[in-house]
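Reviewing the structure listed below.
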Amino acid sequence: MTVDAAGAVEIRRALVRLRRTTGLPVAFGGLVEAGRPRMRISELSGTATTSLLALAVTSGNGLGGKTVALARPCAVADYSVSRQISHEYDAAVAAEGLRSVLAVPVVVRRRVRGVLYGALRDARPLGDRTMAAAVDAARDVEQALVVGDEARDVLAAARAEPPPGDSSGWEQVREAHAALRALAPRITDPALRTELLDACALLTPAPSSSRVGVALAPRELDVLACVAAGATNAVAAARLGVSAETVKAYLRSAMRKLGAGTRGEAVAAARRAGLLP
């Protein structure tokens with residue numbers, strides 16, 4: 001799945017949440033086009049027509065363009081007569097019968113990556129609680145895009161060969177492996193999550209004959225990957241989003257399965273089994 005396709009999926013999910021939490025009957029949105037000062041509406045929810053579908057909204061124009069330009073939420077109580085926005089897109093908005101509209105930016109690393117809209121078919125102000133709920137929906141998209149970006153960055157680093165003669169090469173591989181395993185459970189896109197786990201497998205050597213058949217649960221392996229990269233229990237817990245006690249429990253279970261008496265022995269046994277780089 002491409003970056004844009006994965007982002008569109010997150011926009012679609014956010015629109016469902018926006019309608020559910022705000023009670024607004026109509027929601028739509030899309031992503032800012034890479035390298036261009038405009039966003040394109042690609043996702044519709046609750047609409048009666050397709051007048052807004054594929055509409056390209058230039059930064060600064062209309063309500064959505066104003067939101068892109070200012071990187072902050074904006075709203076109008078009656079779109080067609082509002083003096084707060086320009087009116088390049090009145091025909092598409094009128095065809096859908098929309099009057100009161102809000103737009104919330106999706107901002108990642110100080111760059112607007114998309115816009116979520118919510119709308120009513122009658123003219124009345126949208127309250128603070130409605131706007132706050134729309135902002136929360138946008139935050140969900142932002143977090144998902146951040147995780148996806150991090151995953152792709154780590155995946156690219158993991159696939160890169162270390163420079164010839166670089167003695168730190170294996171340590172970099174182990175750091176990448178631990179980062180990939182920590183990120184994978186946070187990925188909502190199944191294709192990207194599978195790609196990350198496949199990359200993890202490529203980073204591990206073939207098991208020695210004496211350790212073939214050793215199996216660890218995914219979270220046990222996640223913890224050992226962090227330990228192998230030098231993380232303490234507290235650091236591993238922070239990376240994996242669990243408590244330090246949970247890390248200890250997974251570590252004890254992994255040590256038992258590997259027949260190890262210490263953390264170091266467990267890591268060494270997992271490497272012999274081809275589970276860790």
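Residue names in the structure tokens use chain letters A, B, ... in the order shown, residue numbers from 1 in each chain, and ligand numbers from 1 in the order shown.
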If DSSP is run on the backbone, what residues of stretch 60-253 of chain A are alpha helix (DSSP H)? A reply as a ChimeraX atom specification would be ideal. /A:62-70,90-96,128-159,169-183,190-202,218-228,233-240,244-253
Sort by chain and increasing residue number a table of all residues of stretch 69-165 of chain A within 7 Å of stretch 38-51 of chain A, each with its closest pair of atoms and their distance in Å to one decimal, counting only C-alpha atoms, and write it as a Markdown table.
| residue | atom | partner | partner_atom | distance |
| --- | --- | --- | --- | --- |
| A:Ala92 | CA | A:Ser51 | CA | 5.2 |
| A:Ala95 | CA | A:Ser51 | CA | 6.3 |
| A:Glu96 | CA | A:Thr49 | CA | 5.9 |
| A:Gly114 | CA | A:Met39 | CA | 6.7 |
Exercise for review: Excluding A:Arg263 and residues on its chain fewer than 6 positions from it, collect all residues at most 8 Å away from it, counting only C-alpha atoms, and give them as a list in words.
Suggested key: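 Residues near the query, excluding close chain neighbours: Val227, Leu251 and Met255 of chain A.
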Query raised in the report: So how many Å separate atom CA of A:Leu63 and atom CA of A:Arg121, to one decimal?
Result: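 So the answer is 15.9 Å.
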Just the residues within 8 Å of A:Ala179, please, counting only C-alpha atoms, with nothing from its chain fewer than 3 positions along; format it as a ChimeraX atom specification. /A:154,175-176,182-183,226
* To do: Using DSSP on the backbone coordinates, identify the residues of stretch 92-264 of chain A assigned to strand (DSSP E); present them as an MDAnalysis selection string.
  => chainID A and resid 100:108 111:120
**Item:** All residues 8 Å or closer to stretch 13-15 of chain A, only C-alpha atoms, same chain fewer than 5 positions away omitted, as a VMD selection string
**Value:** chain A and resid 27 to 29 44 to 45 116 137 to 138 140 to 141
Contact residues around A:Ala217 with only C-alpha atoms at 10 Å, ignoring same-chain residues under 2 positions, as number ranges by chain: A: 215, 219-222, 250, 253-254
Filtering to N, CA and C atoms, could you give me those residues as an mmCIF file, in the first residue's frame?
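For reference, selection-v1.cif as written:
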data_model
loop_
_atom_site.group_PDB
_atom_site.id
_atom_site.type_symbol
_atom_site.label_atom_id
_atom_site.label_comp_id
_atom_site.auth_asym_id
_atom_site.auth_seq_id
_atom_site.Cartn_x
_atom_site.Cartn_y
_atom_site.Cartn_z
ATOM 1 N N ALA A 215 10.294 -21.427 19.629
ATOM 2 C CA ALA A 215 9.269 -20.451 19.247
ATOM 3 C C ALA A 215 8.975 -19.519 20.408
ATOM 4 N N ARG A 219 5.316 -10.756 21.478
ATOM 5 C CA ARG A 219 5.732 -9.776 22.471
ATOM 6 C C ARG A 219 7.000 -10.220 23.207
ATOM 7 N N GLU A 220 7.189 -11.513 23.388
ATOM 8 C CA GLU A 220 8.434 -12.003 23.990
ATOM 9 C C GLU A 220 9.609 -11.645 23.095
ATOM 10 N N LEU A 221 9.405 -11.805 21.787
ATOM 11 C CA LEU A 221 10.470 -11.463 20.838
ATOM 12 C C LEU A 221 10.698 -9.960 20.785
ATOM 13 N N ASP A 222 9.617 -9.179 20.896
ATOM 14 C CA ASP A 222 9.755 -7.716 20.925
ATOM 15 C C ASP A 222 10.645 -7.292 22.094
ATOM 16 N N TYR A 250 7.336 -10.928 30.222
ATOM 17 C CA TYR A 250 7.668 -11.462 28.903
ATOM 18 C C TYR A 250 9.103 -11.987 28.872
ATOM 19 N N SER A 253 9.380 -15.336 30.644
ATOM 20 C CA SER A 253 8.806 -16.397 29.817
ATOM 21 C C SER A 253 9.749 -16.776 28.678
ATOM 22 N N ALA A 254 10.355 -15.761 28.033
ATOM 23 C CA ALA A 254 11.293 -16.030 26.943
ATOM 24 C C ALA A 254 12.521 -16.782 27.456
#
Using only C-alpha atoms, determine which residues lie at most 7 Å from A:Thr67, disregarding the query and same-chain residues fewer than 4 positions distant; provide the list as a tab-separated table (two decimals) with C-alpha atoms, in the first residue's frame.
chain	number	residue	atom	x	y	z
A	63	LEU	CA	-12.57	27.12	3.79
A	71	ALA	CA	-2.63	25.27	9.68
A	72	ARG	CA	-5.49	25.77	12.13
A	73	PRO	CA	-9.20	24.87	12.35
A	74	CYS	CA	-11.66	27.17	10.63
A	103	ALA	CA	-12.41	22.28	8.46
A	104	VAL	CA	-9.60	20.89	10.63
A	105	PRO	CA	-6.01	20.40	9.46
